[in-house]
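S.K.: Sharing data-v7.pdb (PDB, C-alpha atoms) below.
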```pdb
ATOM      1  CA  MET H 163     -11.823 -52.250  78.204
ATOM      2  CA  ASP H 164     -12.606 -55.736  76.858
ATOM      3  CA  VAL H 165     -12.812 -56.593  73.207
ATOM      4  CA  VAL H 166     -15.715 -58.861  72.271
ATOM      5  CA  ILE H 167     -15.755 -60.870  69.051
ATOM      6  CA  VAL H 168     -18.875 -62.576  67.724
ATOM      7  CA  PHE H 169     -18.366 -65.207  65.022
ATOM      8  CA  GLY H 170     -21.017 -66.702  62.759
ATOM      9  CA  TYR H 171     -21.039 -68.977  59.739
ATOM     10  CA  ASP H 172     -19.356 -67.655  56.581
ATOM     11  CA  SER H 173     -22.442 -68.554  54.573
ATOM     12  CA  LEU H 174     -25.511 -67.004  53.031
ATOM     13  CA  ASN H 175     -27.615 -69.956  54.224
ATOM     14  CA  LYS H 176     -30.290 -68.253  56.347
ATOM     15  CA  SER H 177     -31.304 -71.509  58.058
ATOM     16  CA  LEU H 178     -27.975 -71.624  59.942
ATOM     17  CA  PRO H 179     -27.786 -69.886  63.339
ATOM     18  CA  LYS H 180     -26.394 -66.361  63.070
ATOM     19  CA  ASP H 181     -23.999 -66.458  66.042
ATOM     20  CA  ILE H 182     -22.090 -69.592  67.016
ATOM     21  CA  PHE H 183     -19.077 -68.334  68.958
ATOM     22  CA  VAL H 184     -18.626 -65.346  71.280
ATOM     23  CA  SER H 185     -15.378 -64.450  73.035
ATOM     24  CA  ASN H 186     -13.869 -61.628  75.023
ATOM     25  CA  ILE H 187     -10.520 -62.837  73.557
ATOM     26  CA  THR H 188      -8.675 -62.567  76.890
ATOM     27  CA  ASP H 189     -10.022 -65.433  78.972
ATOM     28  CA  PHE H 190     -13.338 -67.037  77.976
ATOM     29  CA  ALA H 191     -15.667 -67.971  75.121
ATOM     30  CA  ILE H 192     -19.140 -69.385  74.625
ATOM     31  CA  ILE H 193     -19.965 -71.734  71.754
ATOM     32  CA  LYS H 194     -23.374 -73.078  70.787
ATOM     33  CA  ILE H 195     -23.374 -76.840  70.228
ATOM     34  CA  ASN H 196     -26.729 -78.382  69.290
ATOM     35  CA  GLY H 197     -28.480 -75.259  70.586
ATOM     36  CA  LYS H 198     -26.779 -75.392  74.004
ATOM     37  CA  GLU H 199     -24.193 -72.916  75.281
ATOM     38  CA  VAL H 200     -20.816 -74.434  76.202
ATOM     39  CA  TYR H 201     -18.452 -72.260  78.253
ATOM     40  CA  LEU H 202     -14.744 -72.465  77.456
ATOM     41  CA  LYS H 203     -11.564 -71.049  78.979
ATOM     42  CA  LYS H 204      -8.720 -69.657  76.874
ATOM     43  CA  ASP H 205      -5.582 -71.774  76.555
ATOM     44  CA  THR H 206      -2.987 -69.016  76.747
ATOM     45  CA  ILE H 207      -0.114 -71.381  75.898
ATOM     46  CA  GLU H 208      -1.537 -72.523  72.534
ATOM     47  CA  SER H 209      -3.093 -69.163  71.579
ATOM     48  CA  LYS H 210      -0.855 -66.774  69.679
ATOM     49  CA  GLN H 211      -0.608 -63.853  67.320
ATOM     50  CA  ILE H 212       0.926 -65.015  64.027
ATOM     51  CA  SER H 213       1.336 -61.603  62.414
ATOM     52  CA  GLU H 214      -0.056 -58.104  62.750
ATOM     53  CA  LYS H 215      -3.440 -59.278  61.416
ATOM     54  CA  LYS H 216      -3.472 -63.074  61.929
ATOM     55  CA  PHE H 217      -4.277 -64.921  65.156
ATOM     56  CA  ILE H 218      -4.857 -68.389  66.598
ATOM     57  CA  ASP H 219      -7.064 -68.586  69.690
ATOM     58  CA  VAL H 220      -7.584 -71.884  71.511
ATOM     59  CA  PHE H 221     -10.335 -72.428  74.102
ATOM     60  CA  ILE H 222     -11.043 -75.586  76.122
ATOM     61  CA  GLY H 223     -13.676 -76.888  78.507
ATOM     62  CA  ASN H 224     -16.468 -79.440  78.992
ATOM     63  CA  ASP H 225     -14.712 -82.046  76.758
ATOM     64  CA  PHE H 226     -14.468 -79.505  73.910
ATOM     65  CA  LYS H 227     -11.519 -77.752  72.318
ATOM     66  CA  THR H 228     -11.957 -74.953  69.794
ATOM     67  CA  ILE H 229      -9.220 -73.576  67.569
ATOM     68  CA  ILE H 230      -9.932 -70.337  65.767
ATOM     69  CA  ASN H 231      -7.602 -69.294  62.961
ATOM     70  CA  PHE H 232      -8.665 -65.787  62.001
ATOM     71  CA  GLU H 233      -7.434 -62.623  60.411
ATOM     72  CA  LEU H 234      -8.458 -58.999  60.541
ATOM     73  CA  TYR H 235      -9.589 -57.808  57.126
ATOM     74  CA  ASN H 236     -11.327 -54.533  57.804
ATOM     75  CA  GLN H 237     -10.930 -51.971  60.571
ATOM     76  CA  LYS H 238     -13.174 -48.981  61.275
ATOM     77  CA  ASP H 239     -12.391 -46.883  64.325
ATOM     78  CA  GLU H 240     -12.800 -49.246  67.313
ATOM     79  CA  SER H 241     -14.474 -52.084  65.398
ATOM     80  CA  CYS H 242     -12.966 -54.787  63.189
ATOM     81  CA  ASP H 243     -14.147 -57.492  60.803
ATOM     82  CA  PHE H 244     -12.572 -60.951  60.907
ATOM     83  CA  LYS H 245     -12.670 -64.117  58.819
ATOM     84  CA  GLY H 246     -11.193 -67.560  59.247
ATOM     85  CA  THR H 247     -11.986 -71.060  60.439
ATOM     86  CA  LEU H 248     -13.363 -72.526  63.638
ATOM     87  CA  GLU H 249     -12.252 -76.063  64.451
ATOM     88  CA  ILE H 250     -14.377 -77.858  67.039
ATOM     89  CA  VAL H 251     -13.077 -81.035  68.654
ATOM     90  CA  GLN H 252     -15.057 -83.060  71.185
ATOM     91  CA  LYS H 253     -13.046 -85.606  73.120
ATOM     92  CA  ASN H 254     -13.233 -88.997  71.343
ATOM     93  CA  LYS H 255     -16.429 -88.021  69.469
ATOM     94  CA  PHE H 256     -16.072 -85.621  66.566
ATOM     95  CA  LYS H 257     -14.069 -82.956  64.811
ATOM     96  CA  GLN H 258     -15.526 -80.268  62.581
ATOM     97  CA  ILE H 259     -14.060 -77.275  60.737
ATOM     98  CA  ILE H 260     -16.352 -74.364  59.837
ATOM     99  CA  LYS H 261     -15.618 -71.231  57.809
ATOM    100  CA  ILE H 262     -16.529 -68.201  59.928
ATOM    101  CA  LYS H 263     -16.813 -64.420  59.775
ATOM    102  CA  GLY H 264     -16.974 -62.122  62.742
ATOM    103  CA  GLN H 265     -17.056 -58.631  64.118
ATOM    104  CA  GLY H 266     -15.403 -57.256  67.202
ATOM    105  CA  GLY H 267     -14.966 -54.038  69.048
ATOM    106  CA  CYS H 268     -14.561 -52.311  72.367
TER     107      CYS H 268
END
```
Let me see the structure of the file written as structure tokens.

M.R.:
Amino acid sequence: MDVVIVFGYDSLNKSLPKDIFVSNITDFAIIKINGKEVYLKKDTIESKQISEKKFIDVFIGNDFKTIINFELYNQKDESCDFKGTLEIVQKNKFKQIIKIKGQGGC
């Protein structure tokens, strides 16, 4: 059974897209950059669990690298709420850090 996490902006600004990052946590993720979906593969060497509730997941592909620092802050049965930051790096072009919130479950 795969876990899927959907992250969006940690903001009340309704003009921002709701979902910006989707991952099955084990091997791939999709991020929306300028309205286009970019597919990424998990870097299992750099990704790690920091503590029982804190994680770092790194995904790479198509000249992009994403680093998600997130923590579990609420758990209900098989679903969880997460919060943290999403760092987006595009090779030789830009770097951006966004506060995010997400939900995941089986």

S.K.: Report as a list in words all protein, DNA and RNA residues lying within 7 Å of region 225-228 of chain H, evaluated on all atoms listed in the file, omitting residues in the same chain fewer than 5 positions from it.

M.R.: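 In the requested form, the answer reads Val220, Leu248, Glu249, Ile250, Val251, Gln252 and Lys253 of chain H.
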
S.K.: Quote the spacing between CA of Ile182 (chain H) and CA of Asp239 (chain H) in Å to one decimal place.

M.R.: 24.8 Å

S.K.: Using all atoms listed in the file, which protein or nucleic acid residues come within 9 Å of Gly223 (chain H)? Drop anything in the same chain fewer than 3 positions from it, and give the result as JSON, numbers by chain.

M.R.: {"H": [200, 201, 202, 203, 204, 226, 227]}

S.K.: To one decimal in Å, tell me the separation between CA of Asn254 (chain H) and CA of Asn224 (chain H).

M.R.: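 Distance between the two atoms: 12.7 Å.
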
S.K.: Considering all atoms listed in the file, state which residue in the set H:Glu214, H:Phe183, H:Ile195, H:Asp243 is at the smallest distance from Ile230 (chain H).

M.R.: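 Of H:Glu214, H:Phe183, H:Ile195, H:Asp243, the one nearest Ile230 (chain H), counting all atoms listed in the file, is H:Phe183.
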
S.K.: Run the PyMOL selection byres ((chain H and resi 206) around 9) mentally over the shown coordinates, then write out the matched residues as a ChimeraX atom specification, using the chain letters and numbers from the document.

M.R.: /H:188-189,204-205,207-210,219-221

S.K.: Write a file of the selected residues as a PDB file, in the coordinates of the input, keeping C-alpha atoms.

M.R.:
```
ATOM      1  CA  THR H 188      -8.675 -62.567  76.890  1.00  0.00           C
ATOM      2  CA  ASP H 189     -10.022 -65.433  78.972  1.00  0.00           C
ATOM      3  CA  LYS H 204      -8.720 -69.657  76.874  1.00  0.00           C
ATOM      4  CA  ASP H 205      -5.582 -71.774  76.555  1.00  0.00           C
ATOM      5  CA  ILE H 207      -0.114 -71.381  75.898  1.00  0.00           C
ATOM      6  CA  GLU H 208      -1.537 -72.523  72.534  1.00  0.00           C
ATOM      7  CA  SER H 209      -3.093 -69.163  71.579  1.00  0.00           C
ATOM      8  CA  LYS H 210      -0.855 -66.774  69.679  1.00  0.00           C
ATOM      9  CA  ASP H 219      -7.064 -68.586  69.690  1.00  0.00           C
ATOM     10  CA  VAL H 220      -7.584 -71.884  71.511  1.00  0.00           C
ATOM     11  CA  PHE H 221     -10.335 -72.428  74.102  1.00  0.00           C
TER      12      PHE H 221
END
```
